[in-house]
Amino acid sequence: GTYQSQFGKEGTGNGEFKSPEGIAIDSEGNILVADTGNNRYQEFNSAAEFVRKVGSEGTGSGQFKSPRGIAVDSEEKVWVVDSSNHRIQRFSAKGGYLTQVGQYGPNDGQFVGPSGIASSGASIWVADTANDRVQQFTQSGEFTRRFGGESAGAGRLSGSRDVAVDGSGNAWVADTAHNRVQKFNSSGEFVSQFGTPTPQGIGIDPEGDIWVAGYTQLREYAPTGELKLSLGSIGSGEGQFFGASDVAVDGFGNVWVVESDFNTRVQRFNDKGEYQSNFGKFGTGNGEFKEPQAIAVDSEGNVLVADTANNRYQEFNSSGEFVRKVGSEGSGNGQFKSPRGISIDPEGDIWVVDSLNSRIQQFTAKGAYLSQCGGTYGPNDGQFVEPRGIALSGSSVWVADTKNDRVQQLSYP
């Protein structure tokens with residue numbers, strides 16, 4: 001425990017670092033450092049003299065996005081955890097690229113934000129951080145086994161934020177904390193899943209494709225989970241996103257996205273993903289929002305937005321013109337505390353997830369209060385803890401009971 005020496009300082013030059021997160025030492029005493037913020041790794045000899053740097057920012061072979069772990073295997077090959085590219089890469093002792101393993105997802109051999117890595121004998125062990133598990137591979141990159149991640153198993157949910165129901169009655173759930181979307185049949189039985197980054201909201205278009213709002217991007221998936229389209233980047237320009245929290249698709253295939261953070265607006269795209277228009281800004285007036293978190297579109301093209309921090313929902317016509325606002329802060333009938341989900345039933349009635357009141361409220365198409373279900377905080381059947389998403393199909397109401405890590409199916413009251 002006696003201090004000996006140190007090296008390095010903040011910067012981008014040789015021997016300089018930006019937020020380094022991983023370190024390893026080879027059999028000859030050379031020191032390898034995952035220079036995370038500089039998207040590279042550096043090698044130093046045992047006297048801490050710079051030897052080489054490997055990598056640059058990118059997604060290609062030998063490039064990195066936030067390398068966070070590094071290890072040396074029994075053959076003196078260097079393994080790097082390329083965290084934001086959701087993979088591990090292998091290099092020769094001299095830094096020559098050899099191979100890679102992994103892609104984004106929850107399945108065996110896939111990763112979500114991996115960070116740590118270790119080598120033991122002929123095995124490579126990877127801390128698959130956001131999947132809450134450790135995976136084991138051979139030195140040739142073949143998956144061997146995994147442990148942990150019980151809560152990430154098929155059909156298990158964590159922090160689920162939204163649910164949508166397709167034309168066949170299947171429920172699609174944004175399993176947010178597990179970075180995936182899961183499909184359940186009308187009986188609640190698990191069917192399939194696919195990986196997607198930080199899903200916040202889900203919408204289903206007339207063709208059955210799944211649209212997922214992922215905070216800074218909008219993605220379209222086939223029902224098989226195949227990625228068909230990826231839109232947007234972080235920003236406040238047209239077609240950019242900063243806090244995309246929900247998505248809805250109308251009967252004409254138009255895609256509506258609500259943003260809850262910096263941008264505080266609604267954007268509309270056509271069925272090809274091309275930007276069309278937007279409306280809204282931060283505030284408390286008509287047509288203004290504070291942290292809106294959900295959106296729905298009725299059969300006539302009217303747009304309904306859960307204006308969460310203003311404790312109300314607002315209705316707009318298909319041109320984005322203000323129609324009405326409903327609700328105020330409170331716990332009485334027709335009042336809200338953080339409404340976070342909204343949906344429309346086949347008769348045109350509006351259902352709102354009144355999150356911090358632990359209930360669901362039903363309104364007429366004109367905003368008159370009708371009824372409610374829930375209203376009791378707790379883990380039992382029919383109780384909720386900060387629910388968010390809602391979808392309706394036939395005579396059923398599906399609710400993403402977020403803090404209870406489940407989806408509940410209710411019948412109309």
# chains A, B, ... in the order shown; residues from 1 in each chain; ligands from 1
$ residues_around --residues "Ser319 in chain A" --least-positions-apart "6" --cutoff "12 Å" --atoms "only C-alpha atoms" --output "PDB file with all heavy atoms, in the first residue's frame"
ATOM      1  N   TRP A 256     -46.391  10.465 -35.082  1.00  0.00           N
ATOM      2  CA  TRP A 256     -46.365  11.626 -34.194  1.00  0.00           C
ATOM      3  C   TRP A 256     -45.470  11.314 -32.998  1.00  0.00           C
ATOM      4  O   TRP A 256     -45.638  10.291 -32.340  1.00  0.00           O
ATOM      5  CB  TRP A 256     -47.766  11.952 -33.706  1.00  0.00           C
ATOM      6  CG  TRP A 256     -48.747  12.281 -34.812  1.00  0.00           C
ATOM      7  CD1 TRP A 256     -49.422  11.400 -35.606  1.00  0.00           C
ATOM      8  CD2 TRP A 256     -49.151  13.584 -35.243  1.00  0.00           C
ATOM      9  NE1 TRP A 256     -50.218  12.064 -36.494  1.00  0.00           N
ATOM     10  CE2 TRP A 256     -50.092  13.411 -36.297  1.00  0.00           C
ATOM     11  CE3 TRP A 256     -48.833  14.883 -34.829  1.00  0.00           C
ATOM     12  CZ2 TRP A 256     -50.685  14.484 -36.942  1.00  0.00           C
ATOM     13  CZ3 TRP A 256     -49.437  15.954 -35.470  1.00  0.00           C
ATOM     14  CH2 TRP A 256     -50.348  15.751 -36.510  1.00  0.00           C
ATOM     15  N   VAL A 266     -44.263  18.549 -30.250  1.00  0.00           N
ATOM     16  CA  VAL A 266     -44.735  17.384 -30.983  1.00  0.00           C
ATOM     17  C   VAL A 266     -44.253  17.518 -32.421  1.00  0.00           C
ATOM     18  O   VAL A 266     -44.382  18.588 -33.032  1.00  0.00           O
ATOM     19  CB  VAL A 266     -46.273  17.292 -30.944  1.00  0.00           C
ATOM     20  CG1 VAL A 266     -46.769  16.197 -31.883  1.00  0.00           C
ATOM     21  CG2 VAL A 266     -46.760  17.049 -29.531  1.00  0.00           C
ATOM     22  N   GLN A 267     -43.686  16.435 -32.959  1.00  0.00           N
ATOM     23  CA  GLN A 267     -43.260  16.423 -34.359  1.00  0.00           C
ATOM     24  C   GLN A 267     -44.065  15.378 -35.126  1.00  0.00           C
ATOM     25  O   GLN A 267     -44.426  14.335 -34.588  1.00  0.00           O
ATOM     26  CB  GLN A 267     -41.770  16.097 -34.486  1.00  0.00           C
ATOM     27  CG  GLN A 267     -40.838  17.151 -33.917  1.00  0.00           C
ATOM     28  CD  GLN A 267     -39.405  16.949 -34.388  1.00  0.00           C
ATOM     29  OE1 GLN A 267     -39.075  17.186 -35.551  1.00  0.00           O
ATOM     30  NE2 GLN A 267     -38.541  16.500 -33.494  1.00  0.00           N
ATOM     31  N   ARG A 268     -44.318  15.688 -36.407  1.00  0.00           N
ATOM     32  CA  ARG A 268     -45.051  14.769 -37.280  1.00  0.00           C
ATOM     33  C   ARG A 268     -44.168  14.355 -38.454  1.00  0.00           C
ATOM     34  O   ARG A 268     -43.507  15.190 -39.079  1.00  0.00           O
ATOM     35  CB  ARG A 268     -46.331  15.416 -37.811  1.00  0.00           C
ATOM     36  CG  ARG A 268     -47.140  14.520 -38.759  1.00  0.00           C
ATOM     37  CD  ARG A 268     -48.518  15.120 -39.054  1.00  0.00           C
ATOM     38  NE  ARG A 268     -48.440  16.348 -39.815  1.00  0.00           N
ATOM     39  CZ  ARG A 268     -48.549  16.430 -41.144  1.00  0.00           C
ATOM     40  NH1 ARG A 268     -48.726  15.326 -41.869  1.00  0.00           N
ATOM     41  NH2 ARG A 268     -48.481  17.592 -41.749  1.00  0.00           N
ATOM     42  N   GLN A 276     -42.507  16.418 -41.367  1.00  0.00           N
ATOM     43  CA  GLN A 276     -43.595  17.203 -41.930  1.00  0.00           C
ATOM     44  C   GLN A 276     -43.823  18.523 -41.190  1.00  0.00           C
ATOM     45  O   GLN A 276     -43.878  19.576 -41.816  1.00  0.00           O
ATOM     46  CB  GLN A 276     -44.899  16.383 -41.893  1.00  0.00           C
ATOM     47  CG  GLN A 276     -44.837  15.072 -42.667  1.00  0.00           C
ATOM     48  CD  GLN A 276     -44.669  15.274 -44.159  1.00  0.00           C
ATOM     49  OE1 GLN A 276     -45.493  15.910 -44.792  1.00  0.00           O
ATOM     50  NE2 GLN A 276     -43.592  14.745 -44.713  1.00  0.00           N
ATOM     51  N   SER A 277     -43.946  18.480 -39.882  1.00  0.00           N
ATOM     52  CA  SER A 277     -44.263  19.700 -39.141  1.00  0.00           C
ATOM     53  C   SER A 277     -44.050  19.482 -37.651  1.00  0.00           C
ATOM     54  O   SER A 277     -43.767  18.366 -37.206  1.00  0.00           O
ATOM     55  CB  SER A 277     -45.725  20.107 -39.394  1.00  0.00           C
ATOM     56  OG  SER A 277     -46.606  19.094 -38.924  1.00  0.00           O
ATOM     57  N   ASN A 278     -44.211  20.564 -36.851  1.00  0.00           N
ATOM     58  CA  ASN A 278     -44.175  20.436 -35.401  1.00  0.00           C
ATOM     59  C   ASN A 278     -45.001  21.542 -34.765  1.00  0.00           C
ATOM     60  O   ASN A 278     -45.314  22.553 -35.407  1.00  0.00           O
ATOM     61  CB  ASN A 278     -42.739  20.442 -34.868  1.00  0.00           C
ATOM     62  CG  ASN A 278     -42.074  21.803 -34.925  1.00  0.00           C
ATOM     63  OD1 ASN A 278     -42.343  22.664 -34.098  1.00  0.00           O
ATOM     64  ND2 ASN A 278     -41.200  22.008 -35.906  1.00  0.00           N
ATOM     65  N   PHE A 279     -45.356  21.347 -33.513  1.00  0.00           N
ATOM     66  CA  PHE A 279     -46.034  22.395 -32.757  1.00  0.00           C
ATOM     67  C   PHE A 279     -45.718  22.234 -31.285  1.00  0.00           C
ATOM     68  O   PHE A 279     -45.294  21.164 -30.834  1.00  0.00           O
ATOM     69  CB  PHE A 279     -47.553  22.379 -32.987  1.00  0.00           C
ATOM     70  CG  PHE A 279     -48.265  21.140 -32.535  1.00  0.00           C
ATOM     71  CD1 PHE A 279     -48.749  21.022 -31.244  1.00  0.00           C
ATOM     72  CD2 PHE A 279     -48.472  20.079 -33.408  1.00  0.00           C
ATOM     73  CE1 PHE A 279     -49.428  19.889 -30.824  1.00  0.00           C
ATOM     74  CE2 PHE A 279     -49.158  18.933 -33.005  1.00  0.00           C
ATOM     75  CZ  PHE A 279     -49.626  18.834 -31.710  1.00  0.00           C
ATOM     76  N   GLY A 280     -45.940  23.322 -30.522  1.00  0.00           N
ATOM     77  CA  GLY A 280     -45.721  23.298 -29.086  1.00  0.00           C
ATOM     78  C   GLY A 280     -44.441  23.967 -28.659  1.00  0.00           C
ATOM     79  O   GLY A 280     -43.483  24.071 -29.423  1.00  0.00           O
ATOM     80  N   GLU A 300     -60.206  10.462 -36.105  1.00  0.00           N
ATOM     81  CA  GLU A 300     -60.372  11.626 -36.964  1.00  0.00           C
ATOM     82  C   GLU A 300     -59.081  12.416 -37.133  1.00  0.00           C
ATOM     83  O   GLU A 300     -59.072  13.468 -37.761  1.00  0.00           O
ATOM     84  CB  GLU A 300     -61.464  12.534 -36.397  1.00  0.00           C
ATOM     85  CG  GLU A 300     -62.844  11.869 -36.365  1.00  0.00           C
ATOM     86  CD  GLU A 300     -63.917  12.773 -35.802  1.00  0.00           C
ATOM     87  OE1 GLU A 300     -63.587  13.921 -35.427  1.00  0.00           O
ATOM     88  OE2 GLU A 300     -65.079  12.346 -35.751  1.00  0.00           O
ATOM     89  N   GLY A 301     -58.011  11.912 -36.555  1.00  0.00           N
ATOM     90  CA  GLY A 301     -56.722  12.567 -36.689  1.00  0.00           C
ATOM     91  C   GLY A 301     -56.427  13.602 -35.627  1.00  0.00           C
ATOM     92  O   GLY A 301     -55.402  14.291 -35.699  1.00  0.00           O
ATOM     93  N   ASN A 302     -57.298  13.743 -34.618  1.00  0.00           N
ATOM     94  CA  ASN A 302     -57.018  14.658 -33.516  1.00  0.00           C
ATOM     95  C   ASN A 302     -55.910  14.089 -32.630  1.00  0.00           C
ATOM     96  O   ASN A 302     -55.867  12.884 -32.384  1.00  0.00           O
ATOM     97  CB  ASN A 302     -58.282  14.891 -32.685  1.00  0.00           C
ATOM     98  CG  ASN A 302     -59.378  15.552 -33.502  1.00  0.00           C
ATOM     99  OD1 ASN A 302     -59.168  16.609 -34.103  1.00  0.00           O
ATOM    100  ND2 ASN A 302     -60.553  14.936 -33.532  1.00  0.00           N
ATOM    101  N   VAL A 303     -55.052  14.965 -32.152  1.00  0.00           N
ATOM    102  CA  VAL A 303     -53.870  14.566 -31.386  1.00  0.00           C
ATOM    103  C   VAL A 303     -54.089  14.922 -29.916  1.00  0.00           C
ATOM    104  O   VAL A 303     -54.428  16.064 -29.591  1.00  0.00           O
ATOM    105  CB  VAL A 303     -52.618  15.274 -31.920  1.00  0.00           C
ATOM    106  CG1 VAL A 303     -51.378  14.848 -31.143  1.00  0.00           C
ATOM    107  CG2 VAL A 303     -52.443  15.000 -33.404  1.00  0.00           C
TER     108      VAL A 303
END
$ residues_around --residues "Gly273 in chain A" --least-positions-apart "3" --cutoff "9 Å" --atoms "only C-alpha atoms" --output "list in words"
Leu218, Glu220, Leu229, Ser230, Leu231, Asn254, Val255, Arg268, Phe269 and Asn270 of chain A
$ residues_around --residues "Thr36 in chain A" --least-positions-apart "3" --cutoff "10 Å" --atoms "only C-alpha atoms" --output "list in words"
Phe17, Lys18, Ser19, Pro20, Glu21, Gly22, Val33, Asn39, Arg40, Tyr41, Phe64, Lys65, Ser66, Pro67, Arg68, Gly69, Asp82 and Ser83 of chain A
$ closest_residue --among "A:Asp128, A:Asp166, A:Asp73, A:Asp271" --to "Phe252 in chain A" --atoms "only C-alpha atoms"
A:Asp271
$ select_by_dssp --residues "range 97-342 of chain A" --states "strand (DSSP E or B)" --output "MDAnalysis selection string"
chainID A and resid 97:101 104 111 117:120 123:128 133:138 143:148 162:165 171:175 180:184 190:195 201:204 210:213 215 218:221 227:231 234 241 244:249 255:259 265:269 275:279 281:282 288:289 294:297 303:307 312:316 322:326 329 336 339:342
$ write_last_selection --atoms "C-alpha atoms" --output "short mmCIF file (atom, residue, chain, number, x, y, z; two decimals), in the first residue's frame"
data_model
loop_
_atom_site.label_atom_id
_atom_site.label_comp_id
_atom_site.auth_asym_id
_atom_site.auth_seq_id
_atom_site.Cartn_x
_atom_site.Cartn_y
_atom_site.Cartn_z
CA TYR A 97 -7.19 -5.66 -35.25
CA LEU A 98 -8.15 -9.36 -35.24
CA THR A 99 -11.85 -9.91 -34.61
CA GLN A 100 -14.92 -8.82 -32.67
CA VAL A 101 -17.88 -10.34 -30.85
CA TYR A 104 -26.83 -4.74 -29.33
CA PHE A 111 -24.54 -6.86 -25.13
CA ILE A 117 -13.67 -7.81 -18.94
CA ALA A 118 -11.33 -10.47 -17.57
CA SER A 119 -9.30 -13.35 -18.98
CA SER A 120 -8.81 -16.67 -17.23
CA SER A 123 -11.98 -18.02 -21.26
CA ILE A 124 -13.00 -14.38 -21.62
CA TRP A 125 -15.54 -13.02 -19.12
CA VAL A 126 -17.54 -9.88 -19.89
CA ALA A 127 -19.65 -7.77 -17.52
CA ASP A 128 -22.73 -7.17 -19.69
CA ARG A 133 -25.29 -10.45 -16.28
CA VAL A 134 -21.83 -11.84 -17.02
CA GLN A 135 -21.11 -13.74 -20.23
CA GLN A 136 -18.31 -16.22 -20.88
CA PHE A 137 -16.61 -16.71 -24.27
CA THR A 138 -13.74 -18.75 -25.65
CA PHE A 143 -20.32 -17.90 -26.50
CA THR A 144 -20.05 -20.46 -23.70
CA ARG A 145 -22.48 -19.53 -20.96
CA ARG A 146 -23.86 -16.72 -18.83
CA PHE A 147 -24.98 -16.13 -15.29
CA GLY A 148 -26.95 -13.45 -13.49
CA ASP A 162 -45.19 1.92 -22.53
CA VAL A 163 -47.39 -0.70 -24.14
CA ALA A 164 -49.13 -0.93 -27.52
CA VAL A 165 -51.52 -3.53 -28.88
CA ALA A 171 -49.25 -6.52 -26.46
CA TRP A 172 -45.86 -4.94 -27.22
CA VAL A 173 -44.07 -3.62 -24.13
CA ALA A 174 -41.23 -1.10 -23.89
CA ASP A 175 -39.03 -2.96 -21.41
CA ARG A 180 -35.71 -4.17 -25.43
CA VAL A 181 -39.28 -4.58 -26.62
CA GLN A 182 -41.16 -7.72 -25.64
CA LYS A 183 -44.23 -9.21 -27.30
CA PHE A 184 -46.97 -11.01 -25.36
CA PHE A 190 -44.35 -14.26 -23.76
CA VAL A 191 -43.92 -14.57 -27.53
CA SER A 192 -40.72 -12.82 -28.64
CA GLN A 193 -38.38 -9.87 -28.04
CA PHE A 194 -35.89 -7.62 -29.78
CA GLY A 195 -33.27 -5.19 -28.52
CA GLY A 201 -42.74 4.83 -26.15
CA ILE A 202 -44.25 2.44 -28.70
CA GLY A 203 -46.66 2.89 -31.60
CA ILE A 204 -47.93 0.42 -34.20
CA ILE A 210 -43.43 -1.24 -34.48
CA TRP A 211 -42.27 2.37 -33.98
CA VAL A 212 -40.11 3.00 -30.93
CA ALA A 213 -39.23 6.41 -29.45
CA TYR A 215 -35.03 9.56 -26.44
CA LEU A 218 -37.04 7.15 -33.66
CA ARG A 219 -36.83 3.59 -34.97
CA GLU A 220 -39.15 1.42 -37.06
CA TYR A 221 -39.04 -2.36 -36.66
CA LEU A 227 -34.71 -2.75 -37.92
CA LYS A 228 -36.24 -1.06 -40.97
CA LEU A 229 -35.60 2.64 -40.33
CA SER A 230 -33.70 4.84 -37.89
CA LEU A 231 -34.41 8.55 -37.75
CA ILE A 234 -29.73 14.70 -30.75
CA PHE A 241 -34.88 14.78 -30.93
CA ALA A 244 -38.50 11.72 -27.33
CA SER A 245 -40.87 10.14 -24.83
CA ASP A 246 -43.71 8.61 -26.85
CA VAL A 247 -44.88 7.88 -30.39
CA ALA A 248 -48.29 7.34 -31.98
CA VAL A 249 -49.26 6.37 -35.53
CA VAL A 255 -46.01 9.19 -37.10
CA TRP A 256 -46.37 11.63 -34.19
CA VAL A 257 -43.58 12.00 -31.61
CA VAL A 258 -43.77 13.97 -28.36
CA GLU A 259 -40.58 15.26 -26.71
CA ARG A 265 -42.92 19.78 -28.68
CA VAL A 266 -44.73 17.38 -30.98
CA GLN A 267 -43.26 16.42 -34.36
CA ARG A 268 -45.05 14.77 -37.28
CA PHE A 269 -43.48 12.47 -39.89
CA TYR A 275 -40.34 15.28 -41.39
CA GLN A 276 -43.60 17.20 -41.93
CA SER A 277 -44.26 19.70 -39.14
CA ASN A 278 -44.17 20.44 -35.40
CA PHE A 279 -46.03 22.40 -32.76
CA LYS A 281 -43.26 24.99 -26.78
CA PHE A 282 -42.46 25.17 -23.06
CA GLU A 288 -47.72 24.87 -24.44
CA PHE A 289 -46.26 21.94 -22.50
CA ALA A 294 -47.47 10.56 -23.93
CA ILE A 295 -49.39 11.01 -27.16
CA ALA A 296 -52.36 9.41 -28.91
CA VAL A 297 -54.29 10.06 -32.12
CA VAL A 303 -53.87 14.57 -31.39
CA LEU A 304 -54.05 14.15 -27.60
CA VAL A 305 -51.01 14.89 -25.44
CA ALA A 306 -50.49 14.01 -21.77
CA ASP A 307 -49.08 17.34 -20.54
CA ARG A 312 -53.68 17.99 -17.77
CA TYR A 313 -54.08 16.65 -21.25
CA GLN A 314 -54.50 18.77 -24.35
CA GLU A 315 -56.25 18.07 -27.64
CA PHE A 316 -55.20 19.43 -31.05
CA PHE A 322 -55.38 23.82 -30.06
CA VAL A 323 -58.86 22.39 -29.37
CA ARG A 324 -59.19 21.95 -25.59
CA LYS A 325 -57.43 21.21 -22.33
CA VAL A 326 -58.74 18.89 -19.62
CA GLU A 329 -53.65 19.32 -10.31
CA PHE A 336 -54.32 14.60 -12.22
CA PRO A 339 -50.53 12.07 -16.17
CA ARG A 340 -48.04 9.91 -18.09
CA GLY A 341 -50.05 7.80 -20.52
CA ILE A 342 -53.01 8.34 -22.83
#
$ closest_residue --among "A:Lys9, A:Arg406, A:Arg161, A:Arg388" --to "Gly214 in chain A" --atoms "only C-alpha atoms"
A:Arg161
$ closest_residue --among "A:Ser393, A:Thr264, A:Ser92, A:Asn380" --to "Ser168 in chain A" --atoms "only C-alpha atoms"
A:Ser393
$ residues_around --residues "Gln240 in chain A" --least-positions-apart "4" --cutoff "9 Å" --atoms "only C-alpha atoms" --output "CSV table (one decimal) with all heavy atoms, in the first residue's frame"
chain,number,residue,atom,x,y,z
A,216,THR,N,-33.4,10.0,-28.2
A,216,THR,CA,-32.8,10.9,-29.2
A,216,THR,C,-33.0,10.3,-30.7
A,216,THR,O,-32.5,10.9,-31.6
A,216,THR,CB,-31.3,11.1,-29.0
A,216,THR,OG1,-30.6,9.8,-29.0
A,216,THR,CG2,-31.0,11.7,-27.7
A,217,GLN,N,-33.7,9.2,-30.8
A,217,GLN,CA,-33.9,8.6,-32.1
A,217,GLN,C,-35.3,8.0,-32.2
A,217,GLN,O,-35.9,7.6,-31.1
A,217,GLN,CB,-32.9,7.6,-32.5
A,217,GLN,CG,-31.5,8.2,-32.9
A,217,GLN,CD,-30.6,7.1,-33.5
A,217,GLN,OE1,-30.4,6.1,-33.0
A,217,GLN,NE2,-30.1,7.5,-34.7
A,231,LEU,N,-34.3,7.1,-37.4
A,231,LEU,CA,-34.4,8.6,-37.7
A,231,LEU,C,-33.9,9.4,-36.6
A,231,LEU,O,-34.0,9.1,-35.4
A,231,LEU,CB,-35.9,8.9,-38.0
A,231,LEU,CG,-36.7,8.2,-39.0
A,231,LEU,CD1,-38.1,8.7,-39.0
A,231,LEU,CD2,-36.1,8.5,-40.4
A,232,GLY,N,-33.3,10.5,-37.0
A,232,GLY,CA,-33.0,11.6,-36.0
A,232,GLY,C,-31.6,11.5,-35.4
A,232,GLY,O,-30.9,10.5,-35.5
A,233,SER,N,-31.3,12.5,-34.7
A,233,SER,CA,-30.1,12.6,-33.9
A,233,SER,C,-30.4,13.6,-32.8
A,233,SER,O,-31.4,14.3,-32.8
A,233,SER,CB,-28.9,13.1,-34.8
A,233,SER,OG,-29.2,14.4,-35.3
A,234,ILE,N,-29.5,13.8,-31.8
A,234,ILE,CA,-29.7,14.7,-30.7
A,234,ILE,C,-29.7,16.1,-31.2
A,234,ILE,O,-28.8,16.5,-32.0
A,234,ILE,CB,-28.8,14.4,-29.6
A,234,ILE,CG1,-29.2,15.2,-28.4
A,234,ILE,CG2,-27.3,14.7,-30.0
A,234,ILE,CD1,-28.4,14.8,-27.1
A,235,GLY,N,-30.7,16.9,-30.9
A,235,GLY,CA,-30.7,18.3,-31.3
A,235,GLY,C,-32.1,18.9,-31.3
A,235,GLY,O,-33.0,18.2,-30.9
A,236,SER,N,-32.2,20.1,-31.7
A,236,SER,CA,-33.5,20.8,-31.6
A,236,SER,C,-34.0,21.2,-33.0
A,236,SER,O,-35.0,21.9,-33.1
A,236,SER,CB,-33.5,22.0,-30.7
A,236,SER,OG,-32.5,22.9,-31.2
$ atom_distance --atom1 "CA of Val353 in chain A" --atom2 "CA of Ser158 in chain A"
18.4 Å
$ atom_distance --atom1 "CA of Gly283 in chain A" --atom2 "CA of Trp351 in chain A"
23.8 Å
$ closest_residue --among "A:Leu392, A:Ile70, A:Ala130, A:Leu410" --to "Thr198 in chain A" --atoms "only C-alpha atoms"
A:Ala130
$ closest_residue --among "A:Asp209, A:Glu57, A:Asp405, A:Asp35" --to "Gly11 in chain A" --atoms "only C-alpha atoms"
A:Asp35
$ atom_distance --atom1 "CA of Pro346 in chain A" --atom2 "CA of Gly378 in chain A"
29.4 Å
$ closest_residue --among "A:Ser5, A:Thr59, A:Thr12, A:Asn30" --to "Ser46 in chain A" --atoms "only C-alpha atoms"
A:Asn30
$ residues_around --residues "Ser27 in chain A" --least-positions-apart "5" --cutoff "9 Å" --atoms "only C-alpha atoms" --output "list in words"
Val72, Ser74 and Glu76 of chain A
